[in-house]
Amino acid sequence: AAGGHDHAHEHTTLHGGVVAEAKHIDFELVAKQDSLPLYVRDHGKPVEIGNSNAKAKAKLTLLGGGAKQKGELKPAGARFESTGQFKVAEAKAVALVEIPGKPAVTVRFVLR
(Lines give C-alpha, C1' and ligand atoms only; values in the text may rest on other atoms or scores of the structure.)
Protein backbone atom coordinates (compact mmCIF):
# COMPACT_ATOMS: atom_id res chain seq x y z
CA ALA A 1 0.00 0.00 0.00
CA ALA A 2 1.24 3.46 -0.88
CA GLY A 3 2.64 5.34 2.08
CA GLY A 4 2.28 2.34 4.35
CA HIS A 5 -1.40 3.00 5.08
CA ASP A 6 -3.00 -0.37 4.49
CA HIS A 7 -6.44 -0.45 6.05
CA ALA A 8 -7.44 -3.74 4.47
CA HIS A 9 -6.64 -5.64 7.68
CA GLU A 10 -9.32 -3.68 9.50
CA HIS A 11 -12.17 -5.42 7.73
CA THR A 12 -10.85 -8.90 7.10
CA THR A 13 -12.80 -11.71 8.65
CA LEU A 14 -10.93 -13.51 11.41
CA HIS A 15 -13.62 -16.02 12.31
CA GLY A 16 -15.24 -16.71 8.93
CA GLY A 17 -18.09 -14.29 9.55
CA VAL A 18 -19.38 -11.05 8.06
CA VAL A 19 -17.59 -7.87 9.12
CA ALA A 20 -19.28 -4.48 9.46
CA GLU A 21 -17.89 -1.23 10.83
CA ALA A 22 -19.62 1.31 13.03
CA LYS A 23 -18.03 4.28 14.81
CA HIS A 24 -14.56 2.98 13.87
CA ILE A 25 -15.17 -0.35 15.60
CA ASP A 26 -15.29 -3.59 13.62
CA PHE A 27 -18.00 -6.11 14.40
CA GLU A 28 -17.87 -9.63 13.02
CA LEU A 29 -21.00 -11.74 13.10
CA VAL A 30 -20.53 -15.46 12.59
CA ALA A 31 -24.00 -16.69 11.73
CA LYS A 32 -24.57 -20.35 12.42
CA GLN A 33 -27.85 -22.16 12.75
CA ASP A 34 -27.29 -22.85 16.44
CA SER A 35 -25.22 -19.87 17.60
CA LEU A 36 -24.55 -16.23 16.75
CA PRO A 37 -21.16 -15.10 18.06
CA LEU A 38 -20.45 -11.39 17.55
CA TYR A 39 -16.79 -10.43 17.81
CA VAL A 40 -15.73 -6.84 18.47
CA ARG A 41 -12.43 -5.28 17.36
CA ASP A 42 -11.21 -1.73 17.87
CA HIS A 43 -8.48 -0.82 15.37
CA GLY A 44 -7.85 -4.50 14.78
CA LYS A 45 -7.51 -5.42 18.46
CA PRO A 46 -10.14 -7.57 20.20
CA VAL A 47 -12.29 -5.68 22.67
CA GLU A 48 -12.67 -7.47 25.99
CA ILE A 49 -16.42 -7.51 26.56
CA GLY A 50 -16.32 -9.31 29.89
CA ASN A 51 -18.52 -12.05 31.29
CA SER A 52 -22.23 -12.26 31.99
CA ASN A 53 -21.88 -9.72 34.81
CA ALA A 54 -20.43 -7.11 32.47
CA LYS A 55 -22.35 -3.95 31.67
CA ALA A 56 -21.96 -4.51 27.94
CA LYS A 57 -25.17 -5.34 26.11
CA ALA A 58 -26.11 -6.40 22.61
CA LYS A 59 -29.43 -7.20 20.99
CA LEU A 60 -29.74 -8.79 17.58
CA THR A 61 -32.63 -8.82 15.14
CA LEU A 62 -32.40 -11.40 12.36
CA LEU A 63 -34.56 -11.01 9.25
CA GLY A 64 -34.64 -13.95 6.88
CA GLY A 65 -36.81 -16.66 5.38
CA GLY A 66 -39.89 -14.55 5.97
CA ALA A 67 -39.21 -14.61 9.71
CA LYS A 68 -38.06 -12.01 12.19
CA GLN A 69 -36.08 -13.30 15.15
CA LYS A 70 -34.88 -11.24 18.08
CA GLY A 71 -32.30 -12.32 20.56
CA GLU A 72 -30.07 -11.01 23.26
CA LEU A 73 -26.36 -11.56 22.84
CA LYS A 74 -24.62 -12.29 26.12
CA PRO A 75 -21.07 -11.12 26.90
CA ALA A 76 -18.60 -13.99 26.54
CA GLY A 77 -15.01 -12.79 26.78
CA ALA A 78 -13.98 -11.06 23.55
CA ARG A 79 -17.39 -11.58 21.98
CA PHE A 80 -21.13 -11.56 22.51
CA GLU A 81 -23.02 -14.76 21.83
CA SER A 82 -26.51 -16.12 21.56
CA THR A 83 -27.45 -19.76 21.15
CA GLY A 84 -30.66 -21.23 19.82
CA GLN A 85 -32.12 -22.04 16.43
CA PHE A 86 -31.65 -19.35 13.81
CA LYS A 87 -32.57 -18.98 10.14
CA VAL A 88 -29.39 -17.44 8.82
CA ALA A 89 -29.32 -18.21 5.08
CA GLU A 90 -29.73 -15.07 2.97
CA ALA A 91 -30.66 -13.14 6.10
CA LYS A 92 -30.03 -9.60 7.24
CA ALA A 93 -29.07 -8.86 10.81
CA VAL A 94 -29.13 -5.68 12.85
CA ALA A 95 -27.26 -5.50 16.15
CA LEU A 96 -27.60 -2.81 18.79
CA VAL A 97 -24.41 -2.86 20.83
CA GLU A 98 -23.65 -0.98 24.04
CA ILE A 99 -20.15 -1.28 25.50
CA PRO A 100 -19.19 0.89 28.49
CA GLY A 101 -16.83 3.67 27.46
CA LYS A 102 -17.80 3.46 23.78
CA PRO A 103 -20.70 5.01 21.88
CA ALA A 104 -23.79 2.82 21.47
CA VAL A 105 -23.92 1.61 17.89
CA THR A 106 -26.29 -0.03 15.47
CA VAL A 107 -24.52 -2.42 13.13
CA ARG A 108 -26.03 -3.99 9.99
CA PHE A 109 -24.93 -7.26 8.42
CA VAL A 110 -25.94 -9.00 5.21
CA LEU A 111 -25.47 -12.76 5.51
CA ARG A 112 -24.78 -14.99 2.55
# chains A, B, ... in the order shown; residues from 1 in each chain; ligands from 1
>>> closest_atom_pairs(of="region 12-79 of chain A", to="region 94-98 of chain A", cutoff="8 Å", atoms="only C-alpha atoms", output="Markdown table")
| residue | atom | partner | partner_atom | distance |
| --- | --- | --- | --- | --- |
| A:Ala56 | CA | A:Glu98 | CA | 5.5 |
| A:Lys57 | CA | A:Glu98 | CA | 5.1 |
| A:Ala58 | CA | A:Val97 | CA | 4.3 |
| A:Lys59 | CA | A:Leu96 | CA | 5.2 |
| A:Leu60 | CA | A:Ala95 | CA | 4.4 |
| A:Thr61 | CA | A:Val94 | CA | 5.2 |
| A:Leu62 | CA | A:Val94 | CA | 6.6 |
>>> write_last_selection(atoms="N, CA and C atoms", output="short mmCIF file (atom, residue, chain, number, x, y, z; two decimals), in the first residue's frame")
data_model
loop_
_atom_site.label_atom_id
_atom_site.label_comp_id
_atom_site.auth_asym_id
_atom_site.auth_seq_id
_atom_site.Cartn_x
_atom_site.Cartn_y
_atom_site.Cartn_z
N ALA A 56 -21.77 -4.54 29.39
CA ALA A 56 -21.96 -4.51 27.94
C ALA A 56 -23.23 -5.25 27.56
N LYS A 57 -23.92 -4.73 26.54
CA LYS A 57 -25.17 -5.34 26.11
C LYS A 57 -25.23 -5.36 24.59
N ALA A 58 -25.88 -6.37 24.05
CA ALA A 58 -26.11 -6.40 22.61
C ALA A 58 -27.42 -7.13 22.33
N LYS A 59 -28.19 -6.57 21.42
CA LYS A 59 -29.43 -7.20 20.99
C LYS A 59 -29.33 -7.39 19.48
N LEU A 60 -29.84 -8.50 19.00
CA LEU A 60 -29.74 -8.79 17.58
C LEU A 60 -31.12 -9.08 17.02
N THR A 61 -31.41 -8.49 15.87
CA THR A 61 -32.63 -8.82 15.14
C THR A 61 -32.20 -9.46 13.83
N LEU A 62 -32.75 -10.64 13.54
CA LEU A 62 -32.40 -11.40 12.36
C LEU A 62 -33.63 -11.45 11.46
#
>>> residues_around(residues="Ala20 (chain A)", least_positions_apart="5", cutoff="8 Å", atoms="only C-alpha atoms", output="PyMOL selection string")
chain A and resi 11+26-28+107-109
>>> select_by_dssp(residues="chain A", states="strand (DSSP E or B)", output="ChimeraX atom specification")
/A:18-22,25-29,35,38-42,45-46,50,57-64,67-75,77,79-81,83,92-98,105-110
>>> residues_around(residues="region 34-44 of chain A", least_positions_apart="3", cutoff="9 Å", atoms="only C-alpha atoms", output="list in words")
His9, Glu10, His11, His15, Gly17, His24, Ile25, Asp26, Phe27, Glu28, Leu29, Val30, Ala31, Val47, Glu48, Ile49, Leu73, Ala76, Ala78, Arg79, Phe80, Glu81, Ser82, Thr83, Gly84, Gln85 and Phe86 of chain A
>>> closest_residue(among="A:Gly66, A:Lys74, A:Arg112, A:Gly101", to="Gly16 (chain A)", atoms="only C-alpha atoms")
A:Arg112
>>> atom_distance(atom1="CA of Gly77 (chain A)", atom2="CA of Leu14 (chain A)")
15.9 Å
>>> select_by_dssp(residues="chain A", states="helix (DSSP H, G or I)", output="PyMOL selection string")
chain A and resi 2-4+8-11
>>> atom_distance(atom1="CA of Pro103 (chain A)", atom2="CA of Lys23 (chain A)")
7.6 Å
>>> closest_residue(among="A:Ala67, A:Val88, A:Ala93, A:Ile99", to="Lys55 (chain A)", atoms="only C-alpha atoms")
A:Ile99
>>> atom_distance(atom1="CA of Pro75 (chain A)", atom2="CA of Gly50 (chain A)")
5.9 Å
>>> closest_residue(among="A:Ala104, A:Ala54, A:Ala91, A:Val19", to="Gln69 (chain A)", atoms="only C-alpha atoms")
A:Ala91
